[in-house]
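Before any comments, here is the structure.
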2 protein chains.
Amino acid sequence: MRLIKGLSLLALLMAVYSCKQPKAQLALSSDLTQYVDPFIGTDGPGNTYPGAVVPFGMVQLSPDNGLPGWDRIAGYFWPDSTIAGFSHKHLTGTGAGDLYDILIMPYNSRFTADLWPDQEDYRPYSMFSHDQESASPGYYQVQLLSSGIKAELTATKRVGVHRYTFPQDDQSKILIDLGYKLNWDNPTDTYLKLQDEHTIVGYRYSTGWAPDQREHFVIACSKPIEAIDFYSDGNKLQSTEAKGPNTKAEITFKSTEGEQLILKVALSSHSIEGARNNLKEECADWDFDRIAEEARENWNDQLHLIEVQGTELQKTIFYTNLYHCFLTPSLHSDVDGWYKGADGQMHQAKGYDKYDTFSLWDTYRAAHPLYTIIAPAKVKDMIASFLSHFNETGLLPVWSLAGNETNMMIGYHSVPVIVDAYLKGIPMDAERAYEACKATANSNAWSLQPYKELGYIPYDLENHGHWSVSKTMEYAYDDWCIAQFAQALNKDDDYSYLSERANYWKNLYDSQSTFIRPKDKNGKFLAPFQAKDYTEPYCESNAWHYFFHVQHDIPGLIELIGKDAFAAKLDSLFSYHPEADDELPIFSTGMIGQYAHGNEPSHHVPWLFNEIGQPEKTQEMVRRILNTQYSTKPDGYCGNEDCGQMSAWLVFASMGMYPVNPADGIYHLNSPWLSEAVINLPNGKTFKIVTENQAPENHFIQEMFLNGEKQTKLTISHADILKGGELKFVLTK
Amino acid sequence: MRLIKGLSLLALLMAVYSCKQPKAQLALSSDLTQYVDPFIGTDGPGNTYPGAVVPFGMVQLSPDNGLPGWDRIAGYFWPDSTIAGFSHKHLTGTGAGDLYDILIMPYNSRFTADLWPDQEDYRPYSMFSHDQESASPGYYQVQLLSSGIKAELTATKRVGVHRYTFPQDDQSKILIDLGYKLNWDNPTDTYLKLQDEHTIVGYRYSTGWAPDQREHFVIACSKPIEAIDFYSDGNKLQSTEAKGPNTKAEITFKSTEGEQLILKVALSSHSIEGARNNLKEECADWDFDRIAEEARENWNDQLHLIEVQGTELQKTIFYTNLYHCFLTPSLHSDVDGWYKGADGQMHQAKGYDKYDTFSLWDTYRAAHPLYTIIAPAKVKDMIASFLSHFNETGLLPVWSLAGNETNMMIGYHSVPVIVDAYLKGIPMDAERAYEACKATANSNAWSLQPYKELGYIPYDLENHGHWSVSKTMEYAYDDWCIAQFAQALNKDDDYSYLSERANYWKNLYDSQSTFIRPKDKNGKFLAPFQAKDYTEPYCESNAWHYFFHVQHDIPGLIELIGKDAFAAKLDSLFSYHPEADDELPIFSTGMIGQYAHGNEPSHHVPWLFNEIGQPEKTQEMVRRILNTQYSTKPDGYCGNEDCGQMSAWLVFASMGMYPVNPADGIYHLNSPWLSEAVINLPNGKTFKIVTENQAPENHFIQEMFLNGEKQTKLTISHADILKGGELKFVLTK
């Protein structure tokens, strides 16, 4: 018995080894990280950061320019020329200025406060130049021109790693600044303590967009700390610790020319001890190059989930966008599962990793469906994370961040994510998941009470009128999703009731204006009404965008308005350009007529031509968006990247498909932009998308073959993809 | 190789089994729990509780009368006739009214609010009678006369277990009352939630003596919960949860006659999830009788550490006192080591159990030395707990409770505990422990600044004069302890400096009054001065008590005053009785002359006659205290039991010895009160104390033999005890 076991183990080890081998070879022969440019999105409205992070990592270690403003929501803005330091958490692609935890900045005697004469409580900034800066997945480096210090960053899941190369200086310094804050972020209590000559520990509690953020840390320093000063509110303390809303510590040492120092900064939402465990488990040694190489390999494995062919420019756009798909959700639990929950309590994730930073209004559309294809194990953990949030708050997350519900944006779009995953067979506690969906939909949060009572949300209800049309439309979609879940679980009464609610969007349809139009509590439509106006009842949008926002019932919408009128309205959307004096809001960017690619509500609309027998218009419009709204420049996104959604759109569209209804397991087809895409499915199979006659001018699909058989329908199912096989597009002018 | 390993394991198992066997037989043949009466101390000033607890357990599940006041500091006072419920945490023997977390009370339709007509927000109380009540180690039961419900309690380390036997009733109820508060305790935020039909979870955060107490809980109910109401501030909620400073939940069900229901209540200072882990690990099944039997066996093992012979009354007093020695310190960490630290942060105890509830001003005297003899493994964990407290706060604990420093009482008496343990060879991180002692003594906390500058604490220094004499004396003692530690670690400079500080008590000696007398900042003694007065500079005492409070330098004290004067003063202490109109404070009880056995400062004084060649006076006085200040009645303590100190005094004295200086490893001898005591040392050896001619009238030692050799000195060393052997006393009239 024992002998057999011994042999089995050996066989298993050999199997694992032989599995690993080809992957390693693949990585060597084809390093896809070369196609990722982390600076794309750091200019313009993209609001991404260029720093070091691993896929779905807790730590986002990235440079901060140190200046406030919408442009610097991710800490860094390409046009700027200063660096204030490197903080450990950043949002990617959002419009909300939060996080920026635990800023670290090396400097030396060359720094003079004169550099920023207007700053009273000055901080050591450095000038930098893009010529002496670079970034790749899991790695960032910059030459700090004001001090001559080279800074390099890398990360594991929960640990940020800094390597600083100093010039000779008697006053080389490392500042750890917990009082540093930006935009909405505001520290409430911070703590710093010298624990031993290699270790500083502490925490930074802050409030901002997420009201109760707790970041504990352990900072391990490769060089013994001989001189360190602690400050509170700018006053030097006679102590080896500091506590208060604005603390900092400053290490001073004499550096020799080229001396390197490494800092490892482990985080935990739970406790300092949790951070210590994370450090020990993930990053025990001091080999910066190995850690950076592991981060790169991790990214390369992730990018190899889809192997594409195309021009160098296409590959750079594709892989940079695929990279951005994997920055969020962010890991929130420690190595032992503990995390700070949305109820302010400590919880332990058992059997899964707890994720947070769910920008669901954006990401339910394409990012989450993409994860169901290439990262179903992560989807399983994300749904377990939703359910833990439900356990903590009684509601599913809307826009949850760092163990908080921010209640930003609208809809209960964890529902389509859950239902889509369930119908695609991703493991979950289905009864509990259903209970969570139902309880959320039946709650009285977010104007659900008038919605349930009246079948729509009136624009004139006190405290309820905000975004009333958009909420009505999106709730109806989410209710349709729960209805499908109910049907699958044989909950017939719920199915009937929720299917009825799925039609509530019709209650706001105005046959006279042929738009979805705000109604008051007495059932009277708002007047005057102009569809192109950006008004209160529409969430970051106007009536043009929300007309098409019936992801679950396009046939019903066509039936309601009539096919010809629908076709005309769809054409108009893309051709009715805003006039010169139309004032567009900050989020309405990437405009093609009224269509705004820079925001999410109309992301699915280009595929609706397929529904009315005009697939060539879908094919032409998607190509146009791909060619005009994405680029390899720092301003390569036309709007907020939005935690992966803007990127997931490109990933899908460039391969020739898109989930119009993100919960029905159907992808609607367009002509691929890439020459080829091989999806390496986690089930071991591959699904290959190939093109014949791929050329910039060949926008149109002449014919299609699925596994050699001619395909006439303009959709492909998730099940078909999971079986593996080949979808071939023959293209034409 | 494998085969040999297999055999070794078998051999090991057999070895363990053969080790365990005799213990099990011993337990069967001699159940020492029969001699423990948990009601002793529940009347009079003892302030103990009668409920269910295991040795050093986190949970102290005990009945609460529901009335406030000094007499009910432990929740229960023998003369009372009501029970308001059973709460899960209680202090034992203190003068501080705190804890009382998570009150549970069963009742039914027989209860009418009329019973307590004056209570506005009435709570269901029940009458009870001592005739229908009993308690033994790990078990308590009472018949609730107002409802006919029988309540039984037992506990594991972290879980309180209730078994209620109901009469037939359509409205049987279980109230979980988080708003219940008493004395100094005040809930700040509480939470209750029905998690599933068998489980209620929540927390109770409160402030009181300990400012930031966090008690999370999971309540498992053996019967499915079909009807439950949640309340906040007395208002019934339409919800399955409640949050706020005053919440409660009430389960209602129809009970059949004799129906039993079990509740398991797991606690955690860390989180609800921590409580859930504790429950799963410690108390997975529903076998109340088995749990109670395990608690009893645990206690029996603990009591068997010292096996004594004597009268039944003596055995009841001895074992009840030994029992009280093991109620605190209380376990504070979860099964996985996590706990809420004194800095409000979460910490993980690694490789030890974190303890808290350290009443060190009391317990450093005899309780901690007793643990070094019979429970050194626990001492190791207690010292690791001190060091974690030091890590969290920068100071060693003074009176720490439930993850807080209360700063109650004076001295830094974790120092003698640490130094005693170190010198006795108990494992610890010695350098860190030394650093903690030194940092604490060199801090400016607790009037240490004037103490260091002037060599004493002046009574007239603003904010510093309180207890100035007592602090000076006790700091000098603690400094002597650190000096010994420094010497052992070859820290010569520290040794010199601290040895000097160990003499600071002399700075307050007034050769005119021959007392230690308060001095002002200019060095002038306070006048007028009367030694018997209880004045501000003396901590809960007068100048009589503190004169002898030089535990580390009795020879120095004798030299200072002269041997004859010392002898006269010692005689006077025990014979100079307070006059009829002398007003004694609440803590000065157990009076013999000025000697107050009911408080700690003079506990060591009876042995000082040994120092001046009058051992017969020590022998007579110790007998007198044993015979007059302890009994088997509910008021069997003459003062606060004080977390084991009053009991440890009896345990030592009844065996014939006492640690006058609790950190020098020397026990001073008196004539044993018991006929025999066998100490089962954890090193496997036994140290036996036997008497010849033991009789109530034979107070005096005629001769002594250590391991058969005649012994003339009046001390025995810790090392001698640890070697095992026999100390024989021949007694005489």
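Letters A, B, ... go to the chains of the structure tokens in the order shown; residues in each chain start at 1; ligands are counted from 1 in the same order.
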
Exercise for review: Pull out every residue of chain A that has at least one atom within 8 Å of chain B, counting only C-alpha atoms, and report them as a list of chain:residue names.
Suggested key: A:His270, A:Ser271, A:Ile272, A:Glu273, A:Gly274, A:Gln345, A:Met346, A:His347, A:Gln348

Output C-alpha atoms of each residue in that selection to a file, as a PDB file, in the first residue's frame.
ATOM      1  CA  HIS A 270      -7.308  42.929   8.792  1.00  0.00           C
ATOM      2  CA  SER A 271      -4.307  43.699  10.957  1.00  0.00           C
ATOM      3  CA  ILE A 272      -0.600  44.325  11.176  1.00  0.00           C
ATOM      4  CA  GLU A 273      -0.167  40.676  12.062  1.00  0.00           C
ATOM      5  CA  GLY A 274      -2.126  39.753   8.952  1.00  0.00           C
ATOM      6  CA  GLN A 345     -16.268  43.420  11.138  1.00  0.00           C
ATOM      7  CA  MET A 346     -13.540  40.869  10.560  1.00  0.00           C
ATOM      8  CA  HIS A 347     -14.466  37.870   8.431  1.00  0.00           C
ATOM      9  CA  GLN A 348     -12.625  34.834   7.148  1.00  0.00           C
TER      10      GLN A 348
END

**Study point:** region 256-261 of chain B environment, 12 Å, only C-alpha atoms, sequence neighbours closer than 4 positions dropped, as JSON, numbers by chain
**Key:** {"B": [106, 148, 149, 150, 151, 152, 153, 161, 162, 163, 164, 165, 166, 167, 168, 169, 170, 171, 172, 173, 174, 198, 220, 221, 222, 223, 224, 225, 251, 286, 287, 288]}

Exercise for review: Might you pull out every residue within 8 Å of Gly411 (chain B), with only C-alpha atoms counted and same-chain residues fewer than 6 positions away left off, and present them as a list in words?
Suggested key: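 Close residues of Gly411 (chain B): Trp361, Val398, Lys471, Glu474, Tyr475 and Asp478 of chain B.
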
With C-alpha atoms retained, write the just-selected residues as a PDB file, in the first residue's frame.
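In the end it all went to result_28.pdb:
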ATOM      1  CA  TRP B 361      -1.102  44.639  41.957  1.00  0.00           C
ATOM      2  CA  VAL B 398      -0.645  47.120  34.945  1.00  0.00           C
ATOM      3  CA  LYS B 471       4.007  54.240  44.274  1.00  0.00           C
ATOM      4  CA  GLU B 474       6.345  49.689  44.849  1.00  0.00           C
ATOM      5  CA  TYR B 475       8.429  51.174  42.061  1.00  0.00           C
ATOM      6  CA  ASP B 478       9.976  46.553  40.846  1.00  0.00           C
TER       7      ASP B 478
END

**Study point:** Residues near Gly455 (chain A), cut-off 7 Å, only C-alpha atoms, skip fewer than 3 positions along chain, as a list in words
**Key:**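 Selected residues are Tyr451, Lys452, Tyr504 and Asn507 of chain A.
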
Review point. With distances taken over only C-alpha atoms, which of A:Ala402, A:Ala284, A:Ile721, A:Ala342 is nearest to Ile679 (chain A)?
Key: A:Ile721

Exercise for review: Would you list, as a list in words, the residues of region 269-354 of chain A that end up in strand (DSSP E or B) under DSSP run on this structure's backbone?
Suggested key: Ile306, Glu307, Val308, Gln309, Ser330, Leu331, Trp338, Tyr339, Lys340, Met346, His347 and Gln348 of chain A

Just to be explicit: take each residue in the selection above, keep C-alpha atoms, and write the result as a PDB file, in the first residue's frame.
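Listing of part15.pdb after writing:
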ATOM      1  CA  ILE A 306      -5.815  34.323 -25.487  1.00  0.00           C
ATOM      2  CA  GLU A 307      -3.120  34.086 -28.157  1.00  0.00           C
ATOM      3  CA  VAL A 308      -3.740  36.412 -31.048  1.00  0.00           C
ATOM      4  CA  GLN A 309      -2.312  37.235 -34.419  1.00  0.00           C
ATOM      5  CA  SER A 330      -8.732  43.247  -6.281  1.00  0.00           C
ATOM      6  CA  LEU A 331      -7.795  40.595  -3.786  1.00  0.00           C
ATOM      7  CA  TRP A 338      -9.199  37.140   7.050  1.00  0.00           C
ATOM      8  CA  TYR A 339     -10.414  40.503   5.816  1.00  0.00           C
ATOM      9  CA  LYS A 340     -12.296  43.577   6.951  1.00  0.00           C
ATOM     10  CA  MET A 346     -13.540  40.869  10.560  1.00  0.00           C
ATOM     11  CA  HIS A 347     -14.466  37.870   8.431  1.00  0.00           C
ATOM     12  CA  GLN A 348     -12.625  34.834   7.148  1.00  0.00           C
TER      13      GLN A 348
END

Exercise for review: Report the distance between CA of Lys723 (chain B) and CA of Arg432 (chain B) in Å, rounded to one decimal place.
Suggested key: 29.0 Å

Practice item. Enter the distance from CA of Leu584 (chain A) to CA of Cys638 (chain A), in Å, rounded to one decimal. Key: 14.1 Å

Practice item. Select from region 465-624 of chain A everything DSSP, run on the backbone, classes as alpha helix (DSSP H), then give the selection as a PyMOL selection string. Key: chain A and resi 468-488+492-501+543-547+554-561+563-575+615-624

What would the file look like if the residues just selected were written as an mmCIF file, in the first residue's frame with C-alpha atoms?
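Listed below is the output, part.cif:
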data_model
loop_
_atom_site.group_PDB
_atom_site.id
_atom_site.type_symbol
_atom_site.label_atom_id
_atom_site.label_comp_id
_atom_site.auth_asym_id
_atom_site.auth_seq_id
_atom_site.Cartn_x
_atom_site.Cartn_y
_atom_site.Cartn_z
ATOM 1 C CA SER A 468 -35.187 57.475 -12.306
ATOM 2 C CA VAL A 469 -35.344 56.321 -15.934
ATOM 3 C CA SER A 470 -31.982 54.572 -15.872
ATOM 4 C CA LYS A 471 -32.802 52.818 -12.628
ATOM 5 C CA THR A 472 -36.136 51.600 -13.926
ATOM 6 C CA MET A 473 -34.495 50.206 -17.067
ATOM 7 C CA GLU A 474 -31.615 48.564 -15.263
ATOM 8 C CA TYR A 475 -33.731 47.086 -12.476
ATOM 9 C CA ALA A 476 -35.984 45.539 -15.117
ATOM 10 C CA TYR A 477 -32.932 43.931 -16.705
ATOM 11 C CA ASP A 478 -31.670 42.608 -13.377
ATOM 12 C CA ASP A 479 -35.146 41.283 -12.584
ATOM 13 C CA TRP A 480 -35.170 39.406 -15.886
ATOM 14 C CA CYS A 481 -31.902 37.793 -14.805
ATOM 15 C CA ILE A 482 -33.339 36.689 -11.461
ATOM 16 C CA ALA A 483 -36.401 35.344 -13.286
ATOM 17 C CA GLN A 484 -34.135 33.079 -15.357
ATOM 18 C CA PHE A 485 -32.407 31.961 -12.148
ATOM 19 C CA ALA A 486 -35.827 31.255 -10.572
ATOM 20 C CA GLN A 487 -36.866 29.238 -13.587
ATOM 21 C CA ALA A 488 -33.677 27.192 -13.466
ATOM 22 C CA ASP A 492 -42.327 29.179 -10.522
ATOM 23 C CA ASP A 493 -44.023 31.920 -8.522
ATOM 24 C CA ASP A 494 -40.869 33.959 -8.386
ATOM 25 C CA TYR A 495 -40.338 33.399 -12.076
ATOM 26 C CA SER A 496 -43.774 34.803 -12.894
ATOM 27 C CA TYR A 497 -43.432 37.787 -10.600
ATOM 28 C CA LEU A 498 -39.950 38.724 -11.745
ATOM 29 C CA SER A 499 -40.769 38.195 -15.411
ATOM 30 C CA GLU A 500 -43.485 40.775 -14.909
ATOM 31 C CA ARG A 501 -40.980 43.170 -13.354
ATOM 32 C CA ALA A 543 -32.638 59.350 -23.783
ATOM 33 C CA TRP A 544 -30.791 58.185 -26.888
ATOM 34 C CA HIS A 545 -28.547 55.860 -24.917
ATOM 35 C CA TYR A 546 -31.206 54.487 -22.611
ATOM 36 C CA PHE A 547 -33.669 53.802 -25.399
ATOM 37 C CA ILE A 554 -34.458 43.687 -27.857
ATOM 38 C CA PRO A 555 -37.258 41.855 -29.738
ATOM 39 C CA GLY A 556 -39.775 43.377 -27.294
ATOM 40 C CA LEU A 557 -38.298 46.810 -27.882
ATOM 41 C CA ILE A 558 -38.439 46.364 -31.658
ATOM 42 C CA GLU A 559 -42.020 45.182 -31.404
ATOM 43 C CA LEU A 560 -42.993 48.155 -29.269
ATOM 44 C CA ILE A 561 -41.649 50.825 -31.602
ATOM 45 C CA LYS A 563 -39.035 47.505 -36.872
ATOM 46 C CA ASP A 564 -38.666 50.436 -39.264
ATOM 47 C CA ALA A 565 -38.751 53.025 -36.532
ATOM 48 C CA PHE A 566 -36.218 50.963 -34.582
ATOM 49 C CA ALA A 567 -33.912 50.801 -37.609
ATOM 50 C CA ALA A 568 -34.234 54.530 -38.149
ATOM 51 C CA LYS A 569 -33.516 55.291 -34.509
ATOM 52 C CA LEU A 570 -30.465 53.044 -34.555
ATOM 53 C CA ASP A 571 -29.114 54.783 -37.625
ATOM 54 C CA SER A 572 -29.832 58.141 -36.052
ATOM 55 C CA LEU A 573 -27.997 57.254 -32.883
ATOM 56 C CA PHE A 574 -24.735 56.957 -34.792
ATOM 57 C CA SER A 575 -25.335 59.878 -37.128
ATOM 58 C CA PRO A 615 -25.364 42.837 -39.850
ATOM 59 C CA GLU A 616 -23.102 44.796 -42.211
ATOM 60 C CA LYS A 617 -23.827 47.917 -40.147
ATOM 61 C CA THR A 618 -22.752 46.116 -36.991
ATOM 62 C CA GLN A 619 -19.600 44.989 -38.762
ATOM 63 C CA GLU A 620 -18.770 48.434 -40.048
ATOM 64 C CA MET A 621 -19.554 50.255 -36.806
ATOM 65 C CA VAL A 622 -17.553 47.889 -34.579
ATOM 66 C CA ARG A 623 -14.540 48.224 -36.869
ATOM 67 C CA ARG A 624 -14.934 51.976 -36.778
#

Practice item. Work out how far apart CA of Ser602 (chain B) and CA of Ala580 (chain B) are and give it in Å to one decimal. Key: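 Those two atoms sit 22.0 Å apart.
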
Review point. Which one is closest to Ser717 (chain A): A:Ala433, A:Leu237, A:Ile373, A:Val201? Count only C-alpha atoms.
Key: A:Ile373

Practice item. Find the residues near Val59 (chain B): any atom within 7 Å, counting only C-alpha atoms, skip ones fewer than 5 places away on the same chain, and give them as a list of chain:residue names. Key: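 Within the cut-off, the hits are B:Val53, B:His88, B:Lys89, B:Ala155, B:Lys157, B:Arg158, B:Val159, B:Gly160.
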